[in-house]
>>> print(open('data00.csv').read())   # CSV, C-alpha atoms
chain,number,residue,atom,x,y,z
A,1,ASP,CA,85.9,22.3,23.2
A,2,ALA,CA,84.2,19.8,21.0
A,3,LEU,CA,85.2,16.2,21.2
A,4,PRO,CA,86.8,14.9,18.0
A,5,ILE,CA,84.6,12.6,16.0
A,6,TYR,CA,86.3,9.6,14.5
A,7,ASP,CA,84.7,7.8,11.6
A,8,GLY,CA,86.9,4.8,11.6
A,9,PHE,CA,88.6,5.7,8.3
A,10,SER,CA,90.7,8.6,9.5
A,11,SER,CA,94.5,8.6,10.0
A,12,GLY,CA,94.4,10.8,13.1
A,13,GLU,CA,96.5,13.7,11.9
A,14,GLY,CA,94.4,16.8,11.4
A,15,ASP,CA,91.2,15.0,12.4
A,16,ALA,CA,90.6,17.2,15.4
A,17,ASN,CA,90.4,20.3,13.1
A,18,LYS,CA,87.9,18.5,10.7
A,19,SER,CA,85.7,17.4,13.5
A,20,GLN,CA,85.4,20.9,14.9
A,21,ASN,CA,84.0,22.1,11.5
A,22,LEU,CA,81.3,19.4,11.6
A,23,SER,CA,78.3,20.5,13.6
A,24,ARG,CA,75.6,18.2,15.1
A,25,PRO,CA,72.1,19.0,14.0
A,26,SER,CA,69.9,20.6,16.7
A,27,SER,CA,67.5,18.5,18.6
A,28,ARG,CA,64.6,20.2,16.9
A,29,ALA,CA,66.1,19.5,13.5
A,30,ILE,CA,66.5,15.8,14.4
A,31,TYR,CA,62.9,15.7,15.8
A,32,GLN,CA,61.6,17.2,12.5
A,33,GLN,CA,63.5,14.8,10.4
A,34,ARG,CA,62.2,11.8,12.4
A,35,LYS,CA,58.6,13.2,12.2
A,36,GLN,CA,58.9,13.6,8.4
A,37,TYR,CA,60.4,10.1,8.2
A,38,LEU,CA,57.5,8.6,10.1
A,39,GLN,CA,54.9,10.4,8.0
A,40,ASN,CA,56.6,9.1,4.8
A,41,ILE,CA,56.5,5.5,6.2
A,42,GLN,CA,52.8,5.9,7.1
A,43,HIS,CA,52.1,7.2,3.6
A,44,LEU,CA,53.9,4.3,2.1
A,45,GLN,CA,51.9,1.9,4.2
A,46,ASP,CA,48.6,3.6,3.2
A,47,ASN,CA,49.6,3.2,-0.5
A,48,PHE,CA,50.4,0.0,-2.2
A,49,GLN,CA,51.5,-0.9,-5.7
A,50,GLN,CA,52.3,-4.3,-7.2
A,51,ARG,CA,52.6,-5.9,-10.6
A,52,VAL,CA,50.0,-8.6,-11.1
A,53,GLU,CA,48.5,-10.5,-14.1
A,54,HIS,CA,44.8,-9.8,-14.6
A,55,LEU,CA,43.4,-13.2,-15.6
A,56,LEU,CA,39.6,-12.8,-15.6
A,57,THR,CA,36.7,-10.7,-14.5
A,58,CYS,CA,33.4,-12.5,-14.0
A,59,GLU,CA,30.1,-10.8,-13.4
A,60,VAL,CA,28.3,-12.4,-10.4
A,61,ASP,CA,24.9,-13.8,-11.3
A,62,ALA,CA,22.8,-16.6,-9.9
A,63,ARG,CA,23.1,-18.8,-13.0
A,64,GLN,CA,26.8,-19.1,-13.8
A,65,VAL,CA,29.1,-17.5,-11.3
A,66,GLY,CA,28.0,-16.8,-7.8
A,67,THR,CA,31.2,-17.4,-5.8
A,68,VAL,CA,35.0,-17.0,-6.0
A,69,GLU,CA,35.3,-20.8,-6.3
A,70,GLU,CA,33.0,-20.8,-9.3
A,71,ALA,CA,35.0,-17.9,-10.9
A,72,PHE,CA,38.2,-19.8,-10.3
A,73,ALA,CA,36.6,-23.0,-11.8
A,74,ARG,CA,35.6,-20.9,-14.9
A,75,LEU,CA,39.2,-19.7,-15.2
A,76,GLN,CA,40.5,-23.2,-15.1
A,77,MET,CA,38.0,-24.3,-17.7
A,78,LEU,CA,39.0,-21.4,-20.0
A,79,HIS,CA,42.7,-22.2,-19.5
A,80,SER,CA,42.1,-25.8,-20.5
A,81,GLN,CA,40.5,-24.5,-23.7
A,82,GLY,CA,43.4,-22.0,-24.3
A,83,LYS,CA,41.0,-19.1,-24.0
A,84,VAL,CA,42.6,-17.0,-21.2
A,85,TRP,CA,43.7,-13.6,-22.4
A,86,SER,CA,45.7,-12.1,-19.5
A,87,GLN,CA,47.3,-8.7,-19.1
A,88,ASP,CA,50.1,-7.5,-16.9
A,89,VAL,CA,48.9,-4.6,-14.8
A,90,ILE,CA,49.8,-2.6,-11.7
A,91,LEU,CA,47.3,-3.1,-8.9
A,92,GLN,CA,47.6,0.0,-6.8
A,93,ILE,CA,45.9,1.3,-3.7
A,94,LYS,CA,46.1,5.0,-3.4
A,95,ASP,CA,44.1,7.6,-1.6
A,96,GLY,CA,41.3,5.2,-0.8
A,97,GLU,CA,41.0,3.8,-4.3
A,98,LEU,CA,41.9,0.6,-6.0
A,99,LEU,CA,43.5,1.3,-9.4
A,100,LEU,CA,44.4,-1.0,-12.2
A,101,THR,CA,47.0,0.6,-14.5
A,102,ASP,CA,48.7,-0.6,-17.6
A,103,ILE,CA,52.4,-1.4,-17.0
A,104,GLU,CA,53.8,0.1,-20.2
A,105,THR,CA,51.5,3.1,-20.9
A,106,LYS,CA,50.6,3.9,-17.3
A,107,GLU,CA,47.0,4.4,-18.5
A,108,GLU,CA,44.4,3.9,-15.8
A,109,LEU,CA,42.3,0.9,-16.8
A,110,ASP,CA,39.9,0.8,-13.9
A,111,CYS,CA,39.3,2.5,-10.6
A,112,PHE,CA,37.1,1.5,-7.6
A,113,SER,CA,36.6,3.0,-4.2
A,114,LEU,CA,38.0,0.7,-1.5
A,115,ASP,CA,34.5,0.8,0.0
A,116,SER,CA,33.3,-1.1,-3.1
A,117,VAL,CA,35.6,-4.1,-2.4
A,118,LEU,CA,33.3,-6.7,-0.8
A,119,SER,CA,35.9,-9.4,-0.3
A,120,CYS,CA,39.6,-10.2,-0.8
A,121,GLN,CA,40.6,-13.8,-1.0
A,122,SER,CA,43.8,-15.7,-1.9
A,123,ILE,CA,43.6,-19.0,-3.8
A,124,LEU,CA,46.7,-21.1,-3.4
A,125,THR,CA,47.0,-24.2,-5.5
A,126,SER,CA,49.6,-26.4,-7.1
A,127,GLY,CA,48.2,-25.9,-10.5
A,128,PHE,CA,49.0,-23.5,-13.3
A,129,TYR,CA,47.5,-20.6,-11.5
A,130,SER,CA,49.1,-21.2,-8.1
A,131,SER,CA,48.8,-17.8,-6.4
A,132,VAL,CA,45.6,-16.0,-7.3
A,133,LEU,CA,44.1,-13.0,-5.6
A,134,ALA,CA,40.3,-12.8,-6.0
A,135,LEU,CA,38.6,-9.4,-5.4
A,136,THR,CA,34.9,-9.2,-5.3
A,137,ILE,CA,33.8,-5.7,-6.2
A,138,LYS,CA,30.4,-4.0,-6.2
A,139,GLU,CA,30.6,-1.5,-8.9
A,140,ILE,CA,28.7,1.6,-7.7
A,141,GLN,CA,27.9,3.1,-11.1
A,142,THR,CA,26.5,-0.1,-12.6
A,143,ARG,CA,25.4,-1.8,-9.4
A,144,ARG,CA,27.0,-5.0,-10.7
A,145,THR,CA,29.1,-7.2,-8.6
A,146,SER,CA,32.2,-8.7,-10.3
A,147,ILE,CA,35.0,-11.0,-9.3
A,148,PHE,CA,38.5,-10.1,-10.5
A,149,LEU,CA,41.1,-12.8,-10.6
A,150,PHE,CA,44.9,-11.9,-10.6
A,151,GLN,CA,47.9,-14.1,-10.7
A,152,CYS,CA,50.4,-12.8,-8.1
A,153,GLU,CA,53.8,-14.2,-8.9
A,154,GLU,CA,56.0,-11.5,-7.4
A,155,LEU,CA,54.6,-11.0,-4.0
A,156,GLY,CA,52.2,-13.9,-3.7
A,157,ALA,CA,48.4,-13.8,-3.3
A,158,GLU,CA,48.4,-14.3,0.5
A,159,ALA,CA,50.8,-11.4,1.1
A,160,MET,CA,48.8,-9.2,-1.3
A,161,LYS,CA,45.6,-10.1,0.6
A,162,LEU,CA,47.3,-9.2,4.0
A,163,ASN,CA,48.6,-5.9,2.7
A,164,MET,CA,45.2,-5.0,1.2
A,165,GLU,CA,43.4,-5.9,4.5
A,166,LYS,CA,45.9,-3.7,6.5
A,167,ILE,CA,45.2,-0.7,4.2
A,168,GLY,CA,41.5,-1.3,4.1
A,169,ARG,CA,41.1,-1.1,7.9
>>> encode(input="data00.csv", output="structure tokens")
Amino acid sequence: DALPIYDGFSSGEGDANKSQNLSRPSSRAIYQQRKQYLQNIQHLQDNFQQRVEHLLTCEVDARQVGTVEEAFARLQMLHSQGKVWSQDVILQIKDGELLLTDIETKEELDCFSLDSVLSCQSILTSGFYSSVLALTIKEIQTRRTSIFLFQCEELGAEAMKLNMEKIGR
């Protein structure tokens, strides 16, 4: 005889008959469900998606911008002149690629191999742009190196950096 299963909400009368109709999944079924669950978690960890504000992209050259600090200084200068034209985008890592996608239209704006990401830095300040993610990317097609700056208000630049480093390993 099966032992009655009590869910804490039953009155007791007729519960024994109800519990006999409920069957426990087999050990194999439980194992397969757990296996699928772990695969889904791993897939979620290998993929990443977050709304960010794309602030600026600077091509790295020896004369004007050679470092992330110089790119951030340029951003601050442009901001002081009212010349920053930002765009909300989805920064996504999927299947070994870094994607920038428009939030509204879902149109892919840019795509890079994760191998082309040379560095990932967070810039935390008390200023207007307080949580900035800086990605230095070597564009394979053009052989140019560019620094992309993103304001990360929702998750924060440091958390974004850590998530990206985990995935990039």
>>> residues_around(input="data00.csv", residues="region 151-161 of chain A", least_positions_apart="4", cutoff="6 Å", atoms="all atoms listed in the file", output="list of chain:residue names")
A:Val52, A:Glu53, A:Ser122, A:Ser131, A:Val132, A:Leu133
>>> atom_distance(input="data00.csv", atom1="CA of Gln76 (chain A)", atom2="CA of Leu55 (chain A)")
10.4 Å
>>> closest_residue(input="data00.csv", among="A:Thr57, A:Ser27, A:Ser119, A:Ser146", to="Ser86 (chain A)", atoms="all atoms listed in the file")
A:Thr57
>>> closest_residue(input="data00.csv", among="A:Asp88, A:Asp102, A:Asp110, A:Asp95", to="Ile137 (chain A)", atoms="all atoms listed in the file")
A:Asp110
>>> atom_distance(input="data00.csv", atom1="CA of Asp115 (chain A)", atom2="CA of Phe48 (chain A)")
16.1 Å
>>> atom_distance(input="data00.csv", atom1="CA of Met77 (chain A)", atom2="CA of Ile140 (chain A)")
29.3 Å
